[in-house]
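I have placed the structure first, in the form of structure tokens, so that the comments after it can refer back to it.
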Amino acid sequence: MMNALVACIVSAAFAAGSFSAADSPNDQGGAIRLSWSAVGDSVLISSYLVYRSDAPDSGFVPLTEEPSSSSEYTDNSVQDGRPYYYRLDAVSGTDTVRGKVVGPVKSVAQWFNTTRVNILVLTAVISGLFVFYIYRARRGAKMFVRKISGLDAIDEALGRATEMGRPIMFSFGLGYITDMVVIAALPLLRKVAMKSAEYSTRLLVPNSDPIVMTAAQETVKEAYTEMGRPDFYNADNISFLTSDQFGYAAGVDGMILREKPGAIFWLGYFYAESLIMAETGHSVGAIQLAGTTETTQLPFFVAACDYTMIGEEIYAASCYLRPEPVMLGTLKGEDFIRFWLIVLITGTVALGTLATLVSKPAPWLQSVFETVVRWATPAY
Amino acid sequence: MLKRNVPLAVVFVTALLLIVAFFIPHRPFGDLESRFLNWYAIVSGFTFLLGLDSLTRHHLTRVIRRTEGWPYSLLLVLSLAGTMGLGFYSWIRFQSPFALRAPFMWLYTYMIIPLQATMFASLAFFIVSAAYRAFRVRNFAATLLLIAACLVMLGNVPLGSSIWRGIGELVHLVVPGVDVGKFAGLELFAAVKDWLMSIATAAAVRGIGIGLALGGIAMSLRIILGIERTYMS
């Protein structure tokens, strides 16, 4: 009785052509996607069994058992160009109802991911604008850069540390060399190292990553050499602590309390340990300058530090410190794109509002709005 | 010349390959990113030897020179050696240092995790001291920050609901027509908190996020095109 009812449901679902198999789109091949109309939370069907074969009427081997709520499965164990047949059976308790066979299906590798067309267009437009502004800067166009107080305060911080006879500390936090913010902070370390050589003030750089430590050592060594003070370099001052988050925080706190630095630079990637370290720095009276791309940590730095570089200011640091026309051109391009992004966001918000207000006389406006949003929202 | 140009060429070609791989799923491009990340993981694994060298050299020097606090350095070196010893012992005895019964795992569970938790817990006290300074009423902006922070705190804790209900009862005494139950149901503190978090704060965070994304693109282009070279110093 039960078997007959299940068979009826499954037959009805399969008869409507709901089970299909096709090459998985926008991938590097080796995958076939199966989809079917799920019966859902039916008490009759407990799961689906997916089978695969090279022939339409024999040799089916079980691939997977999917729950009754499932409606798709991707077979990632196929060879490109080889035809496959699939069968979907329904399981109800101890009974199994055989479904229909679909196929032949072949998997193929694609040469372009069509879901990323919008990203390609946006990347091309944005990169084109940057290149245009670099070209303009090379042609001698004047570029204005607003003052970034955090960067202007570097000299003040270093001067104060020197006057107090205390060392300077520089931390990249838990950043790796693959983090853009760490690469952006290296020119700042270079500037700080040059000043520390000029003032003969010790520079301490505790690290959580050995590759960042090596990059920091090279940066400081070169800066000291450039300032004519290679003898001032001591690899012990740019050391590795630990890659453990709170172990690093404990180590840095210990250094701060022992060495009592006069100026501390927190420039890199930080998590919850940011406030633990910055508050300890504040407790020893250090002038502190911070900058991170981690927005959740910015409020902590704003509360605990004297100067905080917010958002992209840290990325602008190298252009600010080395204001060559080509470098400034990228900043100008950034500002131009930002302006048009504001226009685009405001326009889209206005379009969405209008589409809601006039949804009855002009329903097409809603689809225009959704298309714009879909295009402007990259899908990864 | 070679020291500069070769790394620049490597950066340019690698960046170009990864950009192409993002749009072309076909082999050999499709799995380039994960392959590069695997290479990075292997290289970075070996660089931990550099970190180990730096750490032991630094602390052994302190011990040998008997500089101030040298017993702590000695303790660190002994702990490091002990941890490594237990790791190797666990590997040989239990086939993995991370086996549940392995002494290395015991060390991790009963020493490292509690120490990490202790450091994390100290954050609560640092938040209080930082909040005290940040919320002092010095100017208009700080006053706004203080009010917003109080509202968010009241909206997040049960005490906020109790206070709001108390206000409802007071209003009911003055205006008997006001229904205390309906008034309490308004949950004004929670509503204001939700608005501040989902509208005001989210708008600011997204603004910063857009700036960061653009800054990141500009920085990437500077690196790919070889304009930004300071990272190679």
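Each chain in the structure tokens gets a letter, A, B and so on, in the order shown; residues start at 1 in every chain, and ligands are counted from 1 in the order they appear.
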
### Message
Show me, as a list of chain:residue names, the residues that have an atom within 10 Å of B:Ala218 when counting only C-alpha atoms, minus same-chain residues fewer than 5 positions from it.
### Response
A:Ile126, A:Ser127, A:Phe130, A:Val131, A:Glu312, A:Tyr315, A:Ala316, A:Met327, A:Gly329, A:Thr330, A:Leu331, A:Lys332, A:Gly333, A:Glu334, B:Leu212, B:Ala213, B:Ile223, B:Ile224

### Task
Mind checking which residues fall within 8 Å of stretch 273-275 of chain A, counting only C-alpha atoms, ignoring those fewer than 2 positions away in the same chain, and posting them as a VMD selection string?
(chain A and resid 173 245 to 246 249 270 to 271 277 to 279 297 300 to 301 304) or (chain B and resid 120 123 126 to 127)

Write a file of the just-selected residues containing N, CA, C and O atoms, as an mmCIF file, in the first residue's frame.
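Output saved as result-v3.cif:
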```cif
data_model
loop_
_atom_site.group_PDB
_atom_site.id
_atom_site.type_symbol
_atom_site.label_atom_id
_atom_site.label_comp_id
_atom_site.auth_asym_id
_atom_site.auth_seq_id
_atom_site.Cartn_x
_atom_site.Cartn_y
_atom_site.Cartn_z
ATOM 1 N N GLY A 173 50.739 43.696 13.855
ATOM 2 C CA GLY A 173 49.657 42.872 14.378
ATOM 3 C C GLY A 173 49.793 41.437 13.926
ATOM 4 O O GLY A 173 50.896 40.886 13.886
ATOM 5 N N GLN A 245 47.458 34.376 18.638
ATOM 6 C CA GLN A 245 46.861 35.705 18.811
ATOM 7 C C GLN A 245 47.117 36.301 20.203
ATOM 8 O O GLN A 245 47.676 37.389 20.336
ATOM 9 N N PHE A 246 46.713 35.578 21.240
ATOM 10 C CA PHE A 246 46.831 36.158 22.581
ATOM 11 C C PHE A 246 48.229 35.987 23.152
ATOM 12 O O PHE A 246 48.629 36.739 24.043
ATOM 13 N N ALA A 249 49.743 39.066 21.928
ATOM 14 C CA ALA A 249 49.299 40.209 22.734
ATOM 15 C C ALA A 249 50.046 40.242 24.065
ATOM 16 O O ALA A 249 50.502 41.308 24.514
ATOM 17 N N PHE A 270 44.677 43.564 12.760
ATOM 18 C CA PHE A 270 44.447 43.317 14.187
ATOM 19 C C PHE A 270 43.061 42.726 14.415
ATOM 20 O O PHE A 270 42.124 43.022 13.681
ATOM 21 N N TYR A 271 42.975 41.921 15.460
ATOM 22 C CA TYR A 271 41.677 41.386 15.888
ATOM 23 C C TYR A 271 41.427 41.862 17.311
ATOM 24 O O TYR A 271 41.812 42.974 17.654
ATOM 25 N N MET A 277 46.530 45.603 23.575
ATOM 26 C CA MET A 277 47.865 46.163 23.337
ATOM 27 C C MET A 277 47.839 47.689 23.370
ATOM 28 O O MET A 277 48.711 48.321 23.966
ATOM 29 N N ALA A 278 46.823 48.292 22.739
ATOM 30 C CA ALA A 278 46.781 49.757 22.672
ATOM 31 C C ALA A 278 46.541 50.376 24.046
ATOM 32 O O ALA A 278 47.102 51.437 24.359
ATOM 33 N N GLU A 279 45.738 49.728 24.884
ATOM 34 C CA GLU A 279 45.507 50.259 26.228
ATOM 35 C C GLU A 279 46.770 50.145 27.074
ATOM 36 O O GLU A 279 47.063 51.019 27.894
ATOM 37 N N GLN A 297 37.916 46.764 14.431
ATOM 38 C CA GLN A 297 38.914 47.174 15.418
ATOM 39 C C GLN A 297 39.140 48.691 15.445
ATOM 40 O O GLN A 297 39.785 49.207 16.350
ATOM 41 N N PHE A 300 38.179 50.611 18.627
ATOM 42 C CA PHE A 300 39.107 50.394 19.732
ATOM 43 C C PHE A 300 40.324 51.306 19.590
ATOM 44 O O PHE A 300 40.795 51.897 20.561
ATOM 45 N N PHE A 301 40.842 51.389 18.376
ATOM 46 C CA PHE A 301 42.015 52.240 18.154
ATOM 47 C C PHE A 301 41.662 53.715 18.335
ATOM 48 O O PHE A 301 42.453 54.485 18.874
ATOM 49 N N ALA A 304 41.631 54.317 22.039
ATOM 50 C CA ALA A 304 42.869 54.149 22.807
ATOM 51 C C ALA A 304 44.067 54.919 22.261
ATOM 52 O O ALA A 304 45.012 55.177 23.003
ATOM 53 N N PHE B 120 42.317 36.858 26.781
ATOM 54 C CA PHE B 120 41.096 37.361 26.141
ATOM 55 C C PHE B 120 40.182 38.000 27.178
ATOM 56 O O PHE B 120 39.565 39.043 26.930
ATOM 57 N N LEU B 123 40.478 41.584 28.170
ATOM 58 C CA LEU B 123 39.907 42.574 27.245
ATOM 59 C C LEU B 123 38.751 43.333 27.884
ATOM 60 O O LEU B 123 38.563 44.524 27.641
ATOM 61 N N PHE B 126 40.074 46.224 29.774
ATOM 62 C CA PHE B 126 40.601 47.249 28.862
ATOM 63 C C PHE B 126 39.465 47.992 28.169
ATOM 64 O O PHE B 126 39.579 49.195 27.899
ATOM 65 N N ILE B 127 38.375 47.288 27.872
ATOM 66 C CA ILE B 127 37.222 47.950 27.245
ATOM 67 C C ILE B 127 36.674 49.019 28.194
ATOM 68 O O ILE B 127 36.357 50.135 27.785
#
```

Once you count only C-alpha atoms, which residues of chain A turn out to be within 8 Å of chain B? Could you give them as a short mmCIF file (atom, residue, chain, number, x, y, z; two decimals) with N, CA, C and O atoms, in the first residue's frame?
```
data_model
loop_
_atom_site.label_atom_id
_atom_site.label_comp_id
_atom_site.auth_asym_id
_atom_site.auth_seq_id
_atom_site.Cartn_x
_atom_site.Cartn_y
_atom_site.Cartn_z
N ASN A 26 30.14 27.10 -15.74
CA ASN A 26 31.19 28.02 -15.27
C ASN A 26 32.22 27.36 -14.35
O ASN A 26 32.63 27.93 -13.35
N ASP A 27 32.58 26.12 -14.68
CA ASP A 27 33.59 25.46 -13.85
C ASP A 27 34.71 24.90 -14.73
O ASP A 27 34.71 25.08 -15.94
N GLN A 28 35.66 24.26 -14.08
CA GLN A 28 36.81 23.73 -14.83
C GLN A 28 36.57 22.29 -15.27
O GLN A 28 37.52 21.53 -15.51
N GLY A 29 35.29 21.91 -15.38
CA GLY A 29 34.94 20.57 -15.83
C GLY A 29 34.93 19.58 -14.68
O GLY A 29 35.08 19.96 -13.51
N ALA A 109 34.79 21.56 -19.61
CA ALA A 109 35.42 22.71 -18.93
C ALA A 109 35.10 23.98 -19.72
O ALA A 109 35.16 23.98 -20.94
N GLN A 110 34.73 25.05 -19.00
CA GLN A 110 34.40 26.32 -19.67
C GLN A 110 35.61 27.24 -19.75
O GLN A 110 36.47 27.22 -18.87
N TRP A 111 35.59 28.06 -20.78
CA TRP A 111 36.70 29.00 -20.99
C TRP A 111 36.42 30.38 -20.39
O TRP A 111 37.29 31.23 -20.37
N PHE A 112 35.17 30.60 -19.96
CA PHE A 112 34.88 31.89 -19.33
C PHE A 112 33.74 31.73 -18.32
O PHE A 112 32.74 31.06 -18.61
N ASN A 113 33.91 32.33 -17.16
CA ASN A 113 32.89 32.27 -16.12
C ASN A 113 31.90 33.42 -16.36
O ASN A 113 32.19 34.58 -16.06
N ARG A 116 30.76 36.22 -13.96
CA ARG A 116 31.70 37.28 -13.56
C ARG A 116 31.87 38.35 -14.63
O ARG A 116 32.85 39.10 -14.59
N LEU A 120 34.25 41.75 -14.51
CA LEU A 120 35.21 42.06 -15.57
C LEU A 120 35.00 43.48 -16.08
O LEU A 120 35.97 44.25 -16.23
N SER A 127 40.08 50.06 -13.54
CA SER A 127 41.51 50.04 -13.88
C SER A 127 41.82 51.07 -14.97
O SER A 127 42.85 51.76 -14.92
N PHE A 130 42.09 54.43 -13.41
CA PHE A 130 43.36 54.59 -12.70
C PHE A 130 44.49 54.85 -13.68
O PHE A 130 45.30 55.76 -13.47
N MET A 180 47.19 43.00 2.16
CA MET A 180 47.52 44.26 1.50
C MET A 180 47.96 45.33 2.52
O MET A 180 48.85 46.12 2.27
N ILE A 183 51.58 45.17 3.40
CA ILE A 183 52.42 45.73 2.33
C ILE A 183 52.35 47.25 2.38
O ILE A 183 53.35 47.94 2.22
N ALA A 184 51.13 47.77 2.66
CA ALA A 184 50.95 49.22 2.74
C ALA A 184 51.69 49.82 3.94
O ALA A 184 52.08 50.98 3.92
N LEU A 186 54.59 48.71 5.17
CA LEU A 186 56.05 48.63 5.05
C LEU A 186 56.71 49.98 4.73
O LEU A 186 57.74 50.31 5.32
N PRO A 187 56.14 50.80 3.81
CA PRO A 187 56.74 52.12 3.59
C PRO A 187 56.73 52.99 4.84
O PRO A 187 57.64 53.80 5.05
N ASP A 209 54.57 36.82 12.37
CA ASP A 209 54.75 35.98 11.19
C ASP A 209 56.21 36.06 10.73
O ASP A 209 56.75 37.16 10.58
N PRO A 210 56.85 34.92 10.53
CA PRO A 210 58.28 34.95 10.17
C PRO A 210 58.57 35.65 8.83
O PRO A 210 59.62 36.28 8.69
N ILE A 211 57.64 35.55 7.86
CA ILE A 211 57.90 36.20 6.57
C ILE A 211 57.82 37.72 6.74
O ILE A 211 58.64 38.47 6.20
N MET A 213 58.44 39.24 9.47
CA MET A 213 59.65 39.59 10.23
C MET A 213 60.83 39.79 9.28
O MET A 213 61.57 40.78 9.39
N ALA A 215 60.71 40.55 6.09
CA ALA A 215 60.49 41.77 5.30
C ALA A 215 60.80 43.01 6.13
O ALA A 215 61.40 43.98 5.65
N GLU A 218 64.58 43.46 6.55
CA GLU A 218 65.20 44.00 5.33
C GLU A 218 64.89 45.49 5.17
O GLU A 218 65.75 46.29 4.79
N THR A 219 63.62 45.85 5.47
CA THR A 219 63.20 47.26 5.35
C THR A 219 64.01 48.15 6.28
O THR A 219 64.52 49.21 5.88
N GLU A 222 67.77 48.36 5.28
CA GLU A 222 68.00 49.24 4.14
C GLU A 222 67.82 50.72 4.51
O GLU A 222 68.57 51.58 4.06
N ASP A 236 68.04 41.64 16.58
CA ASP A 236 67.34 41.25 17.81
C ASP A 236 66.14 42.17 18.10
O ASP A 236 65.20 41.76 18.78
N SER A 239 62.18 41.06 16.05
CA SER A 239 62.17 39.63 16.37
C SER A 239 60.80 39.00 16.17
O SER A 239 59.80 39.67 15.98
N PHE A 240 60.83 37.66 16.23
CA PHE A 240 59.59 36.88 16.14
C PHE A 240 59.12 36.58 17.56
O PHE A 240 59.92 36.17 18.40
N LEU A 241 57.81 36.80 17.80
CA LEU A 241 57.28 36.47 19.13
C LEU A 241 56.56 35.13 19.07
O LEU A 241 57.04 34.13 19.54
N PHE A 246 46.71 35.58 21.24
CA PHE A 246 46.83 36.16 22.58
C PHE A 246 48.23 35.99 23.15
O PHE A 246 48.63 36.74 24.04
N GLY A 247 48.96 34.99 22.64
CA GLY A 247 50.36 34.88 23.01
C GLY A 247 51.11 36.12 22.51
O GLY A 247 51.95 36.70 23.22
N ALA A 249 49.74 39.07 21.93
CA ALA A 249 49.30 40.21 22.73
C ALA A 249 50.05 40.24 24.06
O ALA A 249 50.50 41.31 24.51
N ALA A 250 50.20 39.06 24.69
CA ALA A 250 50.91 38.99 25.97
C ALA A 250 52.37 39.40 25.80
O ALA A 250 52.92 40.16 26.62
N ALA A 272 40.85 40.98 18.14
CA ALA A 272 40.44 41.40 19.49
C ALA A 272 41.60 41.86 20.37
O ALA A 272 41.39 42.56 21.36
N GLU A 273 42.83 41.49 19.98
CA GLU A 273 43.97 41.85 20.81
C GLU A 273 44.34 43.33 20.67
O GLU A 273 45.16 43.84 21.44
N LEU A 275 42.85 46.17 21.38
CA LEU A 275 42.64 47.05 22.53
C LEU A 275 43.53 46.66 23.70
O LEU A 275 44.00 47.54 24.44
N ILE A 276 43.77 45.35 23.85
CA ILE A 276 44.65 44.90 24.94
C ILE A 276 46.02 45.57 24.79
O ILE A 276 46.60 46.08 25.75
N GLU A 279 45.74 49.73 24.88
CA GLU A 279 45.51 50.26 26.23
C GLU A 279 46.77 50.14 27.07
O GLU A 279 47.06 51.02 27.89
N THR A 293 42.81 47.92 8.35
CA THR A 293 41.68 47.79 7.43
C THR A 293 40.56 47.00 8.08
O THR A 293 39.51 46.80 7.47
N THR A 295 37.66 46.90 10.06
CA THR A 295 36.74 47.95 10.55
C THR A 295 36.23 47.69 11.96
O THR A 295 35.92 48.63 12.68
N PHE A 300 38.18 50.61 18.63
CA PHE A 300 39.11 50.39 19.73
C PHE A 300 40.32 51.31 19.59
O PHE A 300 40.80 51.90 20.56
N ALA A 303 39.49 54.90 20.32
CA ALA A 303 39.35 55.15 21.76
C ALA A 303 40.70 55.18 22.46
O ALA A 303 40.90 55.96 23.39
N ALA A 304 41.63 54.32 22.04
CA ALA A 304 42.87 54.15 22.81
C ALA A 304 44.07 54.92 22.26
O ALA A 304 45.01 55.18 23.00
N ILE A 310 41.89 56.03 9.25
CA ILE A 310 40.64 55.32 9.00
C ILE A 310 40.53 54.92 7.53
O ILE A 310 40.84 55.71 6.64
N GLY A 311 40.07 53.69 7.34
CA GLY A 311 39.79 53.21 5.99
C GLY A 311 41.02 53.20 5.11
O GLY A 311 42.09 52.70 5.50
N GLU A 312 40.86 53.82 3.91
CA GLU A 312 41.91 53.70 2.89
C GLU A 312 43.11 54.63 3.15
O GLU A 312 44.05 54.63 2.36
N TYR A 315 46.32 52.95 2.96
CA TYR A 315 46.76 52.62 1.59
C TYR A 315 47.37 53.84 0.90
O TYR A 315 48.17 53.71 -0.02
N ALA A 316 46.92 55.03 1.32
CA ALA A 316 47.41 56.25 0.69
C ALA A 316 48.76 56.68 1.26
O ALA A 316 49.38 57.61 0.75
N SER A 318 51.82 55.48 1.31
CA SER A 318 53.05 55.49 0.49
C SER A 318 53.03 56.65 -0.49
O SER A 318 54.07 57.24 -0.78
N VAL A 326 53.07 60.14 -10.38
CA VAL A 326 52.45 58.86 -10.76
C VAL A 326 51.71 58.24 -9.56
O VAL A 326 50.62 57.69 -9.70
N MET A 327 52.33 58.34 -8.39
CA MET A 327 51.69 57.80 -7.18
C MET A 327 50.41 58.57 -6.88
O MET A 327 49.38 57.99 -6.56
N THR A 330 47.15 57.76 -8.90
CA THR A 330 46.25 56.67 -8.46
C THR A 330 45.30 57.15 -7.37
O THR A 330 44.16 56.72 -7.30
N LEU A 331 45.80 58.08 -6.53
CA LEU A 331 44.93 58.63 -5.48
C LEU A 331 43.80 59.44 -6.10
O LEU A 331 42.64 59.38 -5.67
N GLU A 334 41.25 57.25 -7.55
CA GLU A 334 40.44 56.69 -6.47
C GLU A 334 39.32 57.66 -6.08
O GLU A 334 38.17 57.25 -5.91
N ARG A 338 35.35 57.17 -6.49
CA ARG A 338 34.52 57.28 -5.28
C ARG A 338 33.34 58.23 -5.54
O ARG A 338 32.21 57.94 -5.14
#
```

### Backbone-only DSSP, strand (DSSP E) members of stretch 18-202 of chain A, as a VMD selection string
chain A and resid 20 to 23 32 to 35 47 to 53 61 to 67 72 to 75 84 to 92 95 to 97 101 to 105 168 to 173
